[in-house]
Structure formats: C-alpha cells, structure tokens
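Structure first, then comments.
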Amino acid sequence: MSMVTTYLSWALLVLGGFLCVSGSVGLLRFPDFFTRMHAASVTDTLATGMILVGLMLQAPTWIVFGKLVMILVFVLLTSPTAGHALAKAALHSGLKPLLPGKGGKIDADPRPSAGGV
Amino acid sequence: MFTAAAIAVLVAMALALVRAYAGPTLYDRILAVNVFGTKTVLLIAIVGFLTGRPEFLDIVMVYALMNFITVIGILRFFEYSVSHASANSETIKEQ
C-alpha cells in the first residue's frame with residue numbers, strides 16, 4: 001500500500017510543480033490583464049490542490065493531514081474570491097479587457113475621464 | 001521529490017516577480033503579488049515536509065490568511081481611489 005501512495009504523491013507533486021511553472025509562464029506571456037488572471041488562477045487552484053494532496057499522502061500523522069485539509073479548503077475558497085475582487089476592482093477603475101471586435105481595442109483608452117468606462 | 005516541487009515553486013515565484021516588475025497596470029502587480037503569496041504558501045508547506053517539521057503547516061495557515069486579507073485590503077484601497085482619476089490614471093496610461 002505504501003508504494004502506491006508514495007508513487008501517487010510523487011506524481012501529484014511533479015504535476016503540481018509543472019502546473020505551477022506553466023501557469024506563471026502564462027502569467028508572463030498573456031497579452032492582457034484579464035487573460036493573465038486566468039493563468040494565475042490556474043496555478044492558484046489546481047497546482048496548489050495537487051501539491052497539497054501530494055503532501056497529504058505523505059503526511060506522517062493525522063494532525064498534519066487535518067492541517068493540510070484545512071489549508072487546501074481555505075486556499076480553494078479564498079483564491080477565487082481574491083481573483084473576483086481583483087477583476088471587479090480592475091473593471092471598476094476602467095481597465096478594459098482586450099476583446100477583439102467588441103470595441104476593446106488593443107490600445108483602448110480606459111481613462112474614466114476620457115469616457116473609457 | 002520534494003526538492004523538485006520546491007524548485008518548481010521557486011521558478012514560479014521568480015516568474016511572478018518578473019510579472020510584478022514588468023506589469024504595466026497596477027492590477028497586474030497586485031495579481032503577481034497574489035500569485036507570489038500563494039506560492040509562498042506552497043513553498044513553506046513543501047519545506048516543512050522536506051525538513052521533517054510538521055509545525056510549518058501552522059505558518060502556512062497564517063500565511064494563507066494574510067495573503068488573502070492583504071489582496072483584499074489593497075484592492076479596497078485602490079478601488080475607491082478612482083473618483084479622483086489622476087491618482088489612478090498614470091498607472092493605466094502606461095498600459
């Protein structure tokens with residue numbers, strides 16, 4: 001039984017690490033703020049979940065397992081909320097998403113005074 | 001195996017810092033700081049397991065709480081400063 005959990009946790013850790021890196025590469029390469037938010041939230045939720053579950057499989061005691069479950073539940077609840085608050089604040093302050101064809105020009109002038117909102 | 005995951009998380013943090021530095025608008029920087037905070041949560045958990053000290057998970061819990069509150073605090077500050085657009089426009093103008 002322990003071999004299976006060891007290999008499973010290793011696989012989860014490696015996949016979580018890969019998702020972390022790919023997400024932050026996406027954070028760098030995407031053209032627009034709102035697309036970068038997608039890349040960031042991929043790393044925030046799935047990679048964190050994978051790595052924490054990978055750690056759970058190797059947890060020595062039940063207390064450590066319980067703490068990891070609490071951390072996972074907390075992060076999975078708060079990071080989407082933070083992402084939502086971030087998007088709302090950005091939109092509220094006039095940051096236009098990069099929508100082709102629907103007026104969201106590449107160099108849209110989102111300043112509220114210029115009627116950007 | 002923990003070292004591989006720790007290295008991956010460190011690379012992710014470095015890339016998030018690059019985005020924080022390069023980010024044109026203010027909100028890119030807040031997003032990068034948020035990603036950096038979440039990765040710190042992961043890094044401390046992994047290092048806790050790496051060094052065989054499970055108490056690190058308490059630090060991770062506190063840090064996850066702080067990261068969330070920080071992002072919400074910053075947003076609350078900047079979101080309602082849009083009324084006097086000058087405070088916010090120079091960050092958006094450079095997009």
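How things are named: the first chain in the structure tokens is A, the next is B, and so on; residues count from 1 in each chain; ligands count from 1 in the order shown.
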**Message:** Within 6 Å of chain B, which residues belong to chain A? Use only C-alpha atoms and report them as a PyMOL selection string.
**Reply:** chain A and resi 13+17+20-21+24+28+71+89+93
**Item:** Which of segment 22-109 of chain A fall in helix (DSSP H, G or I), as a ChimeraX atom specification
**Value:** /A:22-29,33-57,62-92
**Asked** Nearest to Pro31 of chain A: which of A:Ala90, A:Gly49, A:Leu99, A:Thr61 is it, counting only C-alpha atoms?
**Response**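 Among A:Ala90, A:Gly49, A:Leu99, A:Thr61, it is A:Leu99 that comes nearest to Pro31 of chain A.
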**Request:** Do a neighbour search on Thr5 of chain A at 10 Å with only C-alpha atoms, toss out local chain neighbours closer than 2 positions, and write the hits as a VMD selection string.
**Result:** chain A and resid 1 to 3 7 to 11 54 56 to 58
**Message:** For a quick check of understanding, using only C-alpha atoms, which of A:Arg36, A:Pro60, A:Leu95, A:Leu55 has the smallest distance to Gly83 of chain A?
**Reply:**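 Between A:Arg36, A:Pro60, A:Leu95, A:Leu55, the residue approaching Gly83 of chain A most closely is A:Arg36.
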**Item:** Pick from A:Met70, A:Val42, A:Leu27, A:Ile63 nearest to Val33 of chain B, counting only C-alpha atoms
**Value:**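 Under the stated criterion, the closest residue is A:Leu27.
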Non-local contacts of Ser79 of chain A (8 Å; only C-alpha atoms; under 3 positions in same chain excluded) as a tab-separated table (two decimals) with N, CA and C atoms, in the first residue's frame:
```tsv
chain	number	residue	atom	x	y	z
A	41	SER	N	-5.00	32.08	-12.00
A	41	SER	CA	-5.94	31.28	-11.20
A	41	SER	C	-5.75	29.80	-11.48
A	44	ASP	N	-3.21	28.99	-9.03
A	44	ASP	CA	-3.68	29.14	-7.65
A	44	ASP	C	-4.50	27.95	-7.21
A	45	THR	N	-5.37	27.48	-8.09
A	45	THR	CA	-6.29	26.43	-7.63
A	45	THR	C	-5.74	25.04	-7.88
A	75	VAL	N	-7.49	27.68	0.88
A	75	VAL	CA	-6.93	28.28	-0.34
A	75	VAL	C	-7.92	28.16	-1.48
A	76	LEU	N	-8.61	27.01	-1.57
A	76	LEU	CA	-9.56	26.85	-2.67
A	76	LEU	C	-10.75	27.78	-2.52
A	82	ALA	N	-10.39	36.21	-4.13
A	82	ALA	CA	-9.44	37.31	-4.36
A	82	ALA	C	-9.39	37.65	-5.84
A	83	GLY	N	-9.42	36.62	-6.69
A	83	GLY	CA	-9.40	36.87	-8.13
A	83	GLY	C	-10.62	37.66	-8.56
B	68	PHE	N	-4.63	36.51	1.70
B	68	PHE	CA	-5.96	36.88	1.22
B	68	PHE	C	-6.33	38.27	1.72
```
**One-decimal distance in Å that lies between atom CA of Gly16 of chain A and atom CA of Leu98 of chain A** =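 One can read the atom CA of Leu98 of chain A to atom CA of Gly16 of chain A distance as 29.4 Å.
Relative to atom CA of His38 of chain A, atom CA of Gly23 of chain A is found at 8.8 Å.
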